[in-house]
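Note: the block below is run.cif and it holds mmCIF, C-alpha atoms.
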```cif
data_protein
#
loop_
_atom_site.label_atom_id
_atom_site.label_comp_id
_atom_site.auth_asym_id
_atom_site.auth_seq_id
_atom_site.Cartn_x
_atom_site.Cartn_y
_atom_site.Cartn_z
CA MET A 29 -40.49 -72.79 71.64
CA VAL A 30 -43.32 -71.98 69.33
CA LEU A 31 -46.65 -70.58 70.46
CA GLY A 32 -49.72 -72.28 69.02
CA LYS A 33 -53.29 -73.34 69.51
CA VAL A 34 -54.49 -76.93 69.56
CA VAL A 35 -56.99 -77.27 66.70
CA GLY A 36 -57.36 -80.99 66.19
CA THR A 37 -56.20 -84.56 66.54
CA VAL A 38 -54.43 -87.02 64.25
CA TRP A 39 -55.57 -90.63 64.27
CA ALA A 40 -53.03 -93.23 63.18
CA THR A 41 -53.31 -96.91 63.98
CA ARG A 42 -50.37 -98.06 61.88
CA LYS A 43 -47.32 -96.48 63.48
CA ASP A 44 -43.96 -97.20 65.09
CA GLU A 45 -44.66 -99.58 67.99
CA ASN A 46 -43.10 -97.22 70.51
CA LEU A 47 -45.74 -94.62 69.70
CA THR A 48 -48.66 -96.65 71.02
CA GLY A 49 -50.76 -94.64 73.44
CA LEU A 50 -49.34 -91.25 72.48
CA LYS A 51 -51.77 -88.48 71.57
CA PHE A 52 -50.94 -86.59 68.38
CA LEU A 53 -52.41 -83.11 68.35
CA ILE A 54 -52.56 -80.57 65.53
CA VAL A 55 -51.13 -77.26 66.66
CA GLN A 56 -51.65 -74.13 64.59
CA HIS A 57 -48.90 -71.55 65.01
CA ALA A 58 -50.01 -68.27 66.57
CA ASP A 59 -48.64 -64.76 66.77
CA MET A 60 -48.09 -63.10 70.12
CA ASP A 61 -51.57 -61.50 69.85
CA TYR A 62 -52.99 -65.01 69.34
CA THR A 63 -53.68 -64.46 65.64
CA LEU A 64 -53.48 -67.88 64.03
CA LYS A 65 -51.01 -68.35 61.20
CA ASP A 66 -51.31 -70.63 58.19
CA GLN A 67 -48.71 -72.99 59.62
CA TYR A 68 -49.22 -76.24 61.47
CA VAL A 69 -47.22 -78.82 63.38
CA VAL A 70 -48.32 -82.21 64.66
CA ALA A 71 -47.06 -82.56 68.24
CA VAL A 72 -47.30 -85.22 70.93
CA ASP A 73 -49.14 -84.09 74.03
CA SER A 74 -47.24 -84.46 77.33
CA VAL A 75 -49.32 -82.18 79.57
CA GLY A 76 -52.98 -83.04 78.98
CA ALA A 77 -53.64 -80.28 76.47
CA GLY A 78 -56.99 -80.17 74.71
CA VAL A 79 -58.49 -78.60 71.61
CA GLY A 80 -58.77 -74.83 71.93
CA GLU A 81 -55.90 -74.41 74.37
CA VAL A 82 -52.89 -72.20 73.69
CA VAL A 83 -49.68 -74.12 74.16
CA LEU A 84 -45.92 -74.10 73.79
CA VAL A 85 -44.32 -76.66 71.48
CA ALA A 86 -40.68 -77.76 71.74
CA THR A 87 -39.17 -79.31 68.63
CA GLY A 88 -36.17 -81.39 67.62
CA SER A 89 -34.30 -83.56 70.10
CA SER A 90 -35.76 -81.42 72.90
CA ALA A 91 -39.14 -82.95 72.06
CA ARG A 92 -37.82 -86.25 73.43
CA GLN A 93 -37.00 -84.88 76.90
CA THR A 94 -40.36 -85.75 78.48
CA ASP A 95 -41.43 -88.98 80.14
CA VAL A 96 -43.88 -89.83 77.36
CA THR A 97 -41.57 -89.07 74.43
CA LYS A 98 -38.19 -90.36 75.64
CA ASN A 99 -36.31 -92.28 72.90
CA LYS A 100 -39.30 -92.16 70.57
CA PRO A 101 -39.42 -90.98 66.95
CA VAL A 102 -41.25 -87.72 67.60
CA ASP A 103 -39.87 -84.26 66.86
CA ALA A 104 -42.47 -82.01 68.47
CA VAL A 105 -44.03 -82.05 71.94
CA ILE A 106 -46.49 -79.86 73.78
CA MET A 107 -44.68 -79.20 77.07
CA ALA A 108 -46.73 -76.31 78.50
CA ILE A 109 -50.24 -74.88 78.42
CA VAL A 110 -50.17 -71.10 78.30
CA ASP A 111 -52.13 -69.11 80.90
CA LYS A 112 -51.30 -65.71 79.54
CA LEU A 113 -48.72 -63.63 77.73
CA ASP A 114 -47.36 -60.39 79.17
CA LEU A 115 -46.18 -58.22 76.31
CA ALA A 116 -44.28 -55.01 76.91
CA ASN A 117 -45.74 -51.91 75.28
CA MET B 19 -44.16 -83.84 62.81
CA VAL B 20 -45.10 -82.86 59.32
CA LEU B 21 -48.18 -84.11 57.50
CA GLY B 22 -47.59 -85.31 53.96
CA LYS B 23 -48.56 -87.70 51.20
CA VAL B 24 -46.27 -90.35 49.73
CA VAL B 25 -45.91 -89.52 46.04
CA GLY B 26 -42.92 -91.52 44.91
CA THR B 27 -39.74 -93.45 45.52
CA VAL B 28 -36.04 -92.62 45.26
CA TRP B 29 -33.69 -95.23 43.84
CA ALA B 30 -30.06 -95.01 44.88
CA THR B 31 -27.63 -97.89 44.58
CA ARG B 32 -24.52 -95.94 45.57
CA LYS B 33 -25.09 -94.93 49.17
CA ASP B 34 -23.70 -95.18 52.70
CA GLU B 35 -23.35 -98.90 53.44
CA ASN B 36 -25.60 -98.63 56.50
CA LEU B 37 -28.47 -97.56 54.29
CA THR B 38 -28.72 -100.85 52.39
CA GLY B 39 -32.27 -102.15 52.38
CA LEU B 40 -33.91 -98.90 53.46
CA LYS B 41 -36.79 -97.56 51.40
CA PHE B 42 -36.57 -93.89 50.50
CA LEU B 43 -39.95 -92.36 49.82
CA ILE B 44 -40.83 -88.93 48.45
CA VAL B 45 -43.29 -87.19 50.73
CA GLN B 46 -45.12 -84.08 49.58
CA HIS B 47 -46.12 -81.75 52.40
CA ALA B 48 -49.86 -81.32 52.89
CA ASP B 49 -52.11 -78.84 54.63
CA MET B 50 -54.58 -79.99 57.25
CA ASP B 51 -57.27 -80.19 54.52
CA TYR B 52 -54.93 -82.49 52.56
CA THR B 53 -54.11 -79.85 49.96
CA LEU B 54 -50.64 -80.66 48.69
CA LYS B 55 -47.97 -77.99 48.98
CA ASP B 56 -45.03 -77.37 46.69
CA GLN B 57 -42.62 -78.77 49.26
CA TYR B 58 -41.05 -82.20 49.45
CA VAL B 59 -38.93 -84.29 51.77
CA VAL B 60 -37.28 -87.64 51.12
CA ALA B 61 -37.96 -89.87 54.14
CA VAL B 62 -37.11 -93.42 55.10
CA ASP B 63 -40.12 -95.64 55.58
CA SER B 64 -40.37 -97.43 58.95
CA VAL B 65 -44.04 -98.45 58.87
CA GLY B 66 -44.74 -99.99 55.47
CA ALA B 67 -46.17 -96.85 53.90
CA GLY B 68 -47.01 -96.84 50.21
CA VAL B 69 -47.60 -94.34 47.44
CA GLY B 70 -50.83 -92.41 47.97
CA GLU B 71 -50.92 -92.75 51.73
CA VAL B 72 -51.04 -89.78 54.10
CA VAL B 73 -48.29 -90.00 56.68
CA LEU B 74 -46.47 -88.25 59.48
CA VAL B 75 -42.76 -87.54 59.08
CA ALA B 76 -40.39 -86.94 61.99
CA THR B 77 -37.18 -85.08 61.19
CA GLY B 78 -33.78 -84.44 62.70
CA SER B 79 -32.27 -86.75 65.32
CA SER B 80 -35.78 -88.01 66.07
CA ALA B 81 -35.73 -89.67 62.66
CA ARG B 82 -33.11 -92.06 64.02
CA GLN B 83 -35.29 -93.36 66.87
CA THR B 84 -36.78 -96.30 64.95
CA ASP B 85 -35.40 -99.81 64.56
CA VAL B 86 -34.66 -99.33 60.87
CA THR B 87 -32.98 -95.92 61.15
CA LYS B 88 -30.97 -96.21 64.39
CA ASN B 89 -27.46 -94.70 64.04
CA LYS B 90 -27.91 -94.16 60.31
CA PRO B 91 -27.37 -90.98 58.30
CA VAL B 92 -31.03 -90.21 57.69
CA ASP B 93 -32.83 -87.09 58.88
CA ALA B 94 -36.46 -87.90 58.04
CA VAL B 95 -38.57 -90.96 58.78
CA ILE B 96 -42.18 -91.91 58.18
CA MET B 97 -43.28 -93.11 61.62
CA ALA B 98 -47.07 -93.19 61.23
CA ILE B 99 -49.73 -93.65 58.55
CA VAL B 100 -52.65 -91.29 59.10
CA ASP B 101 -56.18 -92.71 59.30
CA LYS B 102 -57.93 -89.38 59.70
CA LEU B 103 -57.66 -85.88 61.04
CA ASP B 104 -60.21 -84.42 63.44
CA LEU B 105 -60.20 -80.66 63.05
CA ALA B 106 -62.14 -78.42 65.40
CA ASN B 107 -64.54 -76.02 63.72
CA MET C 16 -33.37 -85.70 53.14
CA VAL C 17 -33.09 -83.04 50.55
CA LEU C 18 -32.69 -83.70 46.83
CA GLY C 19 -30.00 -81.72 45.09
CA LYS C 20 -27.37 -81.60 42.40
CA VAL C 21 -23.64 -81.25 42.98
CA VAL C 22 -22.58 -78.03 41.27
CA GLY C 23 -19.19 -77.26 42.72
CA THR C 24 -16.49 -77.60 45.35
CA VAL C 25 -15.41 -75.46 48.30
CA TRP C 26 -11.68 -75.10 48.97
CA ALA C 27 -10.68 -74.28 52.52
CA THR C 28 -7.20 -74.82 53.89
CA ARG C 29 -7.77 -73.15 57.24
CA LYS C 30 -10.33 -75.27 59.01
CA ASP C 31 -11.01 -77.34 62.13
CA GLU C 32 -8.24 -79.94 62.29
CA ASN C 33 -10.73 -82.81 62.29
CA LEU C 34 -11.93 -81.75 58.86
CA THR C 35 -8.65 -82.49 57.08
CA GLY C 36 -9.21 -84.65 54.03
CA LEU C 37 -12.95 -84.12 53.82
CA LYS C 38 -14.43 -83.00 50.51
CA PHE C 39 -16.85 -80.09 50.71
CA LEU C 40 -19.27 -80.02 47.81
CA ILE C 41 -21.78 -77.37 46.83
CA VAL C 42 -25.23 -78.89 46.41
CA GLN C 43 -28.01 -76.95 44.74
CA HIS C 44 -31.48 -77.93 45.91
CA ALA C 45 -33.70 -79.48 43.24
CA ASP C 46 -37.40 -80.10 42.79
CA MET C 47 -38.70 -83.58 42.15
CA ASP C 48 -38.59 -82.85 38.39
CA TYR C 49 -34.89 -81.94 38.80
CA THR C 50 -35.52 -78.22 38.34
CA LEU C 51 -32.80 -76.46 40.29
CA LYS C 52 -33.83 -74.02 43.00
CA ASP C 53 -32.04 -70.88 44.12
CA GLN C 54 -30.96 -72.57 47.35
CA TYR C 55 -27.62 -74.13 48.20
CA VAL C 56 -26.01 -76.16 50.94
CA VAL C 57 -22.37 -77.07 51.41
CA ALA C 58 -22.18 -80.77 52.27
CA VAL C 59 -19.41 -83.24 53.00
CA ASP C 60 -19.19 -86.09 50.52
CA SER C 61 -19.32 -89.60 51.98
CA VAL C 62 -20.12 -91.60 48.85
CA GLY C 63 -17.79 -90.42 46.10
CA ALA C 64 -20.24 -88.00 44.52
CA GLY C 65 -19.05 -85.75 41.73
CA VAL C 66 -20.12 -82.56 40.02
CA GLY C 67 -23.30 -83.05 37.99
CA GLU C 68 -24.67 -85.90 40.04
CA VAL C 69 -28.05 -85.83 41.74
CA VAL C 70 -27.75 -86.68 45.41
CA LEU C 71 -29.50 -86.90 48.75
CA VAL C 72 -28.24 -84.73 51.59
CA ALA C 73 -28.89 -85.47 55.27
CA THR C 74 -28.58 -82.55 57.67
CA GLY C 75 -28.22 -81.90 61.38
CA SER C 76 -26.82 -84.51 63.74
CA SER C 77 -27.72 -87.16 61.17
CA ALA C 78 -24.95 -85.74 59.00
CA ARG C 79 -22.46 -87.09 61.53
CA GLN C 80 -23.60 -90.73 61.24
CA THR C 81 -21.15 -91.71 58.51
CA ASP C 82 -17.60 -93.01 58.87
CA VAL C 83 -16.09 -89.85 57.41
CA THR C 84 -18.14 -87.35 59.43
CA LYS C 85 -18.38 -88.99 62.86
CA ASN C 86 -17.87 -86.47 65.70
CA LYS C 87 -16.90 -83.73 63.29
CA PRO C 88 -18.32 -80.21 63.03
CA VAL C 89 -20.32 -80.74 59.84
CA ASP C 90 -24.09 -80.42 59.54
CA ALA C 91 -24.72 -81.74 56.03
CA VAL C 92 -23.56 -84.91 54.30
CA ILE C 93 -24.15 -86.48 50.91
CA MET C 94 -25.15 -90.03 51.83
CA ALA C 95 -26.61 -91.29 48.53
CA ILE C 96 -26.31 -90.75 44.80
CA VAL C 97 -29.69 -90.86 43.11
CA ASP C 98 -30.24 -93.24 40.18
CA LYS C 99 -33.80 -92.20 39.47
CA LEU C 100 -37.02 -90.96 40.99
CA ASP C 101 -40.32 -92.76 40.54
CA LEU C 102 -43.11 -90.24 40.87
CA ALA C 103 -46.75 -91.32 40.99
CA ASN C 104 -48.99 -89.65 38.45
CA MET D 22 -27.40 -67.82 67.42
CA VAL D 23 -30.20 -65.44 66.73
CA LEU D 24 -30.22 -61.81 67.80
CA GLY D 25 -33.42 -60.61 69.44
CA LYS D 26 -35.03 -58.36 71.99
CA VAL D 27 -36.95 -59.54 75.04
CA VAL D 28 -40.48 -58.20 74.68
CA GLY D 29 -42.52 -60.19 77.15
CA THR D 30 -43.12 -63.18 79.38
CA VAL D 31 -45.14 -66.38 79.01
CA TRP D 32 -47.05 -67.65 82.04
CA ALA D 33 -47.81 -71.36 82.16
CA THR D 34 -48.73 -73.21 85.33
CA ARG D 35 -49.56 -76.53 83.67
CA LYS D 36 -46.30 -77.75 82.21
CA ASP D 37 -43.79 -80.58 82.22
CA GLU D 38 -42.71 -81.03 85.84
CA ASN D 39 -39.06 -80.48 84.99
CA LEU D 40 -39.87 -76.97 83.82
CA THR D 41 -40.91 -75.67 87.24
CA GLY D 42 -39.10 -72.47 88.09
CA LEU D 43 -37.91 -71.71 84.58
CA LYS D 44 -38.64 -68.28 83.13
CA PHE D 45 -40.10 -68.26 79.62
CA LEU D 46 -39.42 -65.05 77.79
CA ILE D 47 -40.75 -63.83 74.46
CA VAL D 48 -37.90 -62.81 72.18
CA GLN D 49 -38.57 -60.84 69.02
CA HIS D 50 -35.98 -61.40 66.29
CA ALA D 51 -33.95 -58.35 65.35
CA ASP D 52 -31.80 -57.31 62.43
CA MET D 53 -28.20 -56.27 62.97
CA ASP D 54 -29.34 -52.62 63.14
CA TYR D 55 -31.76 -53.65 65.94
CA THR D 56 -34.84 -53.32 63.70
CA LEU D 57 -37.39 -55.75 65.07
CA LYS D 58 -38.74 -58.41 62.74
CA ASP D 59 -42.19 -59.98 62.73
CA GLN D 60 -40.80 -63.21 64.12
CA TYR D 61 -40.82 -64.48 67.68
CA VAL D 62 -39.41 -67.31 69.73
CA VAL D 63 -40.20 -68.28 73.30
CA ALA D 64 -36.91 -68.96 75.08
CA VAL D 65 -35.88 -69.96 78.59
CA ASP D 66 -33.76 -67.37 80.36
CA SER D 67 -30.41 -68.61 81.72
CA VAL D 68 -28.67 -65.29 82.28
CA GLY D 69 -31.10 -62.99 84.09
CA ALA D 70 -32.32 -61.19 81.00
CA GLY D 71 -35.19 -58.75 81.30
CA VAL D 72 -37.75 -57.08 79.08
CA GLY D 73 -36.13 -54.57 76.72
CA GLU D 74 -32.73 -56.21 76.63
CA VAL D 75 -31.05 -57.37 73.42
CA VAL D 76 -29.99 -61.00 73.69
CA LEU D 77 -28.61 -64.00 71.87
CA VAL D 78 -30.76 -67.12 71.67
CA ALA D 79 -29.36 -70.61 71.04
CA THR D 80 -31.80 -73.19 69.71
CA GLY D 81 -32.11 -76.95 69.31
CA SER D 82 -30.12 -79.34 71.48
CA SER D 83 -27.68 -76.52 72.21
CA ALA D 84 -30.45 -74.89 74.22
CA ARG D 85 -30.06 -77.69 76.76
CA GLN D 86 -26.36 -77.01 77.46
CA THR D 87 -26.93 -74.64 80.39
CA ASP D 88 -27.35 -75.47 84.06
CA VAL D 89 -31.00 -74.45 84.10
CA THR D 90 -32.04 -76.27 80.91
CA LYS D 91 -30.06 -79.52 81.07
CA ASN D 92 -32.19 -82.55 80.04
CA LYS D 93 -35.34 -80.46 79.87
CA PRO D 94 -37.84 -80.19 77.02
CA VAL D 95 -36.85 -76.72 75.86
CA ASP D 96 -35.47 -75.86 72.45
CA ALA D 97 -34.45 -72.21 72.89
CA VAL D 98 -32.37 -70.51 75.57
CA ILE D 99 -31.13 -66.98 76.15
CA MET D 100 -27.43 -67.53 76.81
CA ALA D 101 -26.05 -63.99 76.46
CA ILE D 102 -27.12 -60.38 76.90
CA VAL D 103 -25.70 -58.18 74.16
CA ASP D 104 -23.71 -55.08 75.10
CA LYS D 105 -23.10 -53.92 71.57
CA LEU D 106 -22.57 -54.96 67.99
CA ASP D 107 -19.54 -53.91 65.97
CA LEU D 108 -20.46 -53.95 62.31
CA ALA D 109 -17.86 -53.46 59.61
CA ASN D 110 -18.60 -50.69 57.12
CA MET E 8 -22.99 -75.79 56.01
CA VAL E 9 -23.88 -72.26 55.13
CA LEU E 10 -21.60 -69.93 53.21
CA GLY E 11 -21.22 -66.46 54.65
CA LYS E 12 -19.01 -63.47 55.23
CA VAL E 13 -17.88 -62.21 58.62
CA VAL E 14 -19.22 -58.67 58.95
CA GLY E 15 -18.94 -57.91 62.63
CA THR E 16 -18.58 -58.88 66.26
CA VAL E 17 -21.03 -59.24 69.15
CA TRP E 18 -19.94 -58.04 72.58
CA ALA E 19 -21.65 -59.64 75.57
CA THR E 20 -20.23 -59.55 79.08
CA ARG E 21 -23.24 -61.11 80.80
CA LYS E 22 -23.44 -64.64 79.43
CA ASP E 23 -23.43 -68.30 80.37
CA GLU E 24 -20.20 -68.88 82.32
CA ASN E 25 -19.05 -71.58 79.89
CA LEU E 26 -18.97 -69.02 77.11
CA THR E 27 -16.17 -66.92 78.61
CA GLY E 28 -13.43 -66.30 76.09
CA LEU E 29 -15.42 -67.30 73.04
CA LYS E 30 -15.57 -64.90 70.11
CA PHE E 31 -19.03 -64.26 68.70
CA LEU E 32 -18.94 -63.15 65.09
CA ILE E 33 -21.74 -61.86 62.89
CA VAL E 34 -21.89 -63.83 59.66
CA GLN E 35 -23.96 -62.60 56.74
CA HIS E 36 -25.22 -65.36 54.47
CA ALA E 37 -23.87 -65.29 50.93
CA ASP E 38 -24.85 -66.80 47.62
CA MET E 39 -22.41 -68.94 45.69
CA ASP E 40 -21.35 -65.83 43.71
CA TYR E 41 -20.58 -64.13 47.05
CA THR E 42 -23.61 -61.82 46.83
CA LEU E 43 -24.60 -61.06 50.40
CA LYS E 44 -28.14 -61.91 51.49
CA ASP E 45 -30.30 -60.13 54.03
CA GLN E 46 -29.83 -62.95 56.51
CA TYR E 47 -27.47 -63.19 59.47
CA VAL E 48 -26.30 -65.69 62.04
CA VAL E 49 -24.17 -65.12 65.11
CA ALA E 50 -21.53 -67.86 65.22
CA VAL E 51 -18.65 -68.75 67.50
CA ASP E 52 -15.26 -68.63 65.82
CA SER E 53 -13.15 -71.80 66.06
CA VAL E 54 -10.62 -71.12 63.31
CA GLY E 55 -9.36 -67.57 63.79
CA ALA E 56 -11.69 -65.98 61.25
CA GLY E 57 -11.75 -62.21 60.93
CA VAL E 58 -14.02 -59.53 59.55
CA GLY E 59 -14.21 -59.66 55.75
CA GLU E 60 -13.41 -63.33 55.41
CA VAL E 61 -15.70 -65.82 53.68
CA VAL E 62 -16.44 -68.77 55.93
CA LEU E 63 -18.47 -71.91 56.40
CA VAL E 64 -20.82 -72.12 59.38
CA ALA E 65 -22.07 -75.38 60.87
CA THR E 66 -25.25 -75.21 62.93
CA GLY E 67 -27.18 -77.26 65.46
CA SER E 68 -25.49 -79.93 67.55
CA SER E 69 -22.71 -80.06 64.95
CA ALA E 70 -21.68 -76.61 66.14
CA ARG E 71 -20.57 -78.22 69.40
CA GLN E 72 -18.09 -80.63 67.77
CA THR E 73 -15.06 -78.34 68.04
CA ASP E 74 -12.61 -77.97 70.92
CA VAL E 75 -13.82 -74.47 71.75
CA THR E 76 -17.56 -75.20 71.63
CA LYS E 77 -17.81 -78.67 73.17
CA ASN E 78 -20.78 -78.96 75.60
CA LYS E 79 -21.50 -75.25 75.38
CA PRO E 80 -24.80 -73.53 74.59
CA VAL E 81 -23.92 -72.41 71.08
CA ASP E 82 -25.72 -73.48 67.92
CA ALA E 83 -23.48 -72.05 65.20
CA VAL E 84 -19.73 -72.29 64.68
CA ILE E 85 -17.33 -71.09 62.02
CA MET E 86 -15.35 -74.24 61.21
CA ALA E 87 -13.62 -73.27 57.96
CA ILE E 88 -12.34 -70.21 56.13
CA VAL E 89 -13.04 -70.42 52.41
CA ASP E 90 -10.18 -70.00 49.94
CA LYS E 91 -12.29 -70.29 46.83
CA LEU E 92 -15.34 -71.86 45.28
CA ASP E 93 -15.19 -73.92 42.11
CA LEU E 94 -18.58 -73.75 40.43
CA ALA E 95 -19.41 -75.90 37.41
CA ASN E 96 -20.63 -74.03 34.37
#
```
Do you think you could lay out the structure here as structure tokens?
Amino acid sequence: MVLGKVVGTVWATRKDENLTGLKFLIVQHADMDYTLKDQYVVAVDSVGAGVGEVVLVATGSSARQTDVTKNKPVDAVIMAIVDKLDLAN
Amino acid sequence: MVLGKVVGTVWATRKDENLTGLKFLIVQHADMDYTLKDQYVVAVDSVGAGVGEVVLVATGSSARQTDVTKNKPVDAVIMAIVDKLDLAN
Amino acid sequence: MVLGKVVGTVWATRKDENLTGLKFLIVQHADMDYTLKDQYVVAVDSVGAGVGEVVLVATGSSARQTDVTKNKPVDAVIMAIVDKLDLAN
Amino acid sequence: MVLGKVVGTVWATRKDENLTGLKFLIVQHADMDYTLKDQYVVAVDSVGAGVGEVVLVATGSSARQTDVTKNKPVDAVIMAIVDKLDLAN
Amino acid sequence: MVLGKVVGTVWATRKDENLTGLKFLIVQHADMDYTLKDQYVVAVDSVGAGVGEVVLVATGSSARQTDVTKNKPVDAVIMAIVDKLDLAN
């Protein structure tokens, strides 16, 4: 999984019909010290994540293993909201 | 998903027989401020996207989860046309 | 899909038994103006592509969605031969 | 698979309900001489790996082929703890 | 598929129980003129490849389409040993 921060939302009314009701969030990749990188992914929210929260994103077919994304054409899902990172010294 | 802009079309008459009728569009990757990057992907259109439109592209097996791409040898699909991006300050 | 040009062939007699008879071509990635990049992928041919032709390559599980690659350990397939690209100005 | 070293743990209480009980470890990519790279992946542990250990990480759908990750939205799993590498001269 | 050269072996006694007996080889990516790149992948051998041999590696779910890797948590497999490359001038 990739660590990132939710920094925005994508609005799209014309989309695959199975995507109705899904929330598309913009996630900016982050380093393990939370420094934001110049890299973004648009991911479907499955855990009630909001702007400003640090999250984990699963990609590929694994992104379809949640109730909200099952069998849908999405390749990235927020599946966890991060409380904290414990990094060894 | 990746954010991009439709910048062209690929014509291919000799192709896998299951691909007949599909529209192959050239999508240029874009940053969250719509700046275009020097990176491209050829994606099948599933939502009626046209040149100049900003879109989301799903890749990998997720690209086969639309009615037009099911069980076909395509690894990228346009599954949404972007209306706008809301970016947090 | 990735745009590329067929620039060679890989010969391999010792291989997974399900790969017998498949043609492994070397595809060099290309930009949308056909400039070749210093990046290569070895892909199975499913459309009768030959050296010098510009092609589309599908990767990942999508590479196994053709008659010749079904259930085989290959992660890249040439599924279309490109006639031309229409790029918007 | 990617070679890496476990350097930390991710804590996340709000997550997909199927992820309860899984251990999310931070794995830093390593070169074949064990030099750490500035690249990280968050992976689920399936083999009892701990901080400081060198491991192999499988990604994508292959990350769901263990007892603890089956059908769950995770795209990286630690599936082996490395004893040593034998590199040819 | 990726072209590479087998340069070593990974030893791991603590691993997913379905991986017992598999041989994990270190494959260094190579250019089409056999120049080795500073990029490595650990792949399961399915064809009896040995150190020094040039091979093809399939990744992702395609890596699980051999008899030895079926349903196992591995994302890279050596599925062919290269005899030679024919590159167009």
Return as a PDB file with C-alpha atoms, keeping the file's coordinate frame the residues belonging to chain A that are within 10 Å of chain B, counting only C-alpha atoms.
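Writing the result to iface34.pdb gives the following:
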```
ATOM      1  CA  VAL A  34     -54.490 -76.930  69.560  1.00  0.00           C
ATOM      2  CA  VAL A  35     -56.990 -77.270  66.700  1.00  0.00           C
ATOM      3  CA  GLY A  36     -57.360 -80.990  66.190  1.00  0.00           C
ATOM      4  CA  THR A  37     -56.200 -84.560  66.540  1.00  0.00           C
ATOM      5  CA  VAL A  38     -54.430 -87.020  64.250  1.00  0.00           C
ATOM      6  CA  TRP A  39     -55.570 -90.630  64.270  1.00  0.00           C
ATOM      7  CA  ALA A  40     -53.030 -93.230  63.180  1.00  0.00           C
ATOM      8  CA  THR A  41     -53.310 -96.910  63.980  1.00  0.00           C
ATOM      9  CA  ARG A  42     -50.370 -98.060  61.880  1.00  0.00           C
ATOM     10  CA  LYS A  43     -47.320 -96.480  63.480  1.00  0.00           C
ATOM     11  CA  ASP A  44     -43.960 -97.200  65.090  1.00  0.00           C
ATOM     12  CA  GLU A  45     -44.660 -99.580  67.990  1.00  0.00           C
ATOM     13  CA  ASN A  46     -43.100 -97.220  70.510  1.00  0.00           C
ATOM     14  CA  LEU A  47     -45.740 -94.620  69.700  1.00  0.00           C
ATOM     15  CA  PHE A  52     -50.940 -86.590  68.380  1.00  0.00           C
ATOM     16  CA  LEU A  53     -52.410 -83.110  68.350  1.00  0.00           C
ATOM     17  CA  ILE A  54     -52.560 -80.570  65.530  1.00  0.00           C
ATOM     18  CA  GLN A  56     -51.650 -74.130  64.590  1.00  0.00           C
ATOM     19  CA  ASP A  66     -51.310 -70.630  58.190  1.00  0.00           C
ATOM     20  CA  GLN A  67     -48.710 -72.990  59.620  1.00  0.00           C
ATOM     21  CA  TYR A  68     -49.220 -76.240  61.470  1.00  0.00           C
ATOM     22  CA  VAL A  69     -47.220 -78.820  63.380  1.00  0.00           C
ATOM     23  CA  VAL A  70     -48.320 -82.210  64.660  1.00  0.00           C
ATOM     24  CA  ALA A  71     -47.060 -82.560  68.240  1.00  0.00           C
ATOM     25  CA  VAL A  72     -47.300 -85.220  70.930  1.00  0.00           C
ATOM     26  CA  VAL A  79     -58.490 -78.600  71.610  1.00  0.00           C
ATOM     27  CA  GLY A  80     -58.770 -74.830  71.930  1.00  0.00           C
ATOM     28  CA  THR A  87     -39.170 -79.310  68.630  1.00  0.00           C
ATOM     29  CA  GLY A  88     -36.170 -81.390  67.620  1.00  0.00           C
ATOM     30  CA  SER A  89     -34.300 -83.560  70.100  1.00  0.00           C
ATOM     31  CA  SER A  90     -35.760 -81.420  72.900  1.00  0.00           C
ATOM     32  CA  ALA A  91     -39.140 -82.950  72.060  1.00  0.00           C
ATOM     33  CA  ARG A  92     -37.820 -86.250  73.430  1.00  0.00           C
ATOM     34  CA  LYS A  98     -38.190 -90.360  75.640  1.00  0.00           C
ATOM     35  CA  ASN A  99     -36.310 -92.280  72.900  1.00  0.00           C
ATOM     36  CA  LYS A 100     -39.300 -92.160  70.570  1.00  0.00           C
ATOM     37  CA  PRO A 101     -39.420 -90.980  66.950  1.00  0.00           C
ATOM     38  CA  VAL A 102     -41.250 -87.720  67.600  1.00  0.00           C
ATOM     39  CA  ASP A 103     -39.870 -84.260  66.860  1.00  0.00           C
ATOM     40  CA  ALA A 104     -42.470 -82.010  68.470  1.00  0.00           C
ATOM     41  CA  VAL A 105     -44.030 -82.050  71.940  1.00  0.00           C
TER      42      VAL A 105
END
```
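Here CA of Leu40 in chain B is placed at a distance of 28.5 Å from CA of Gly36 in chain C.
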Problem set entry | Interatomic distance, CA of Asp48 in chain C to CA of Val45 in chain B (Å, one decimal) | 13.9 Å
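Going from CA of Lys26 in chain D to CA of His50 in chain D covers 6.5 Å.
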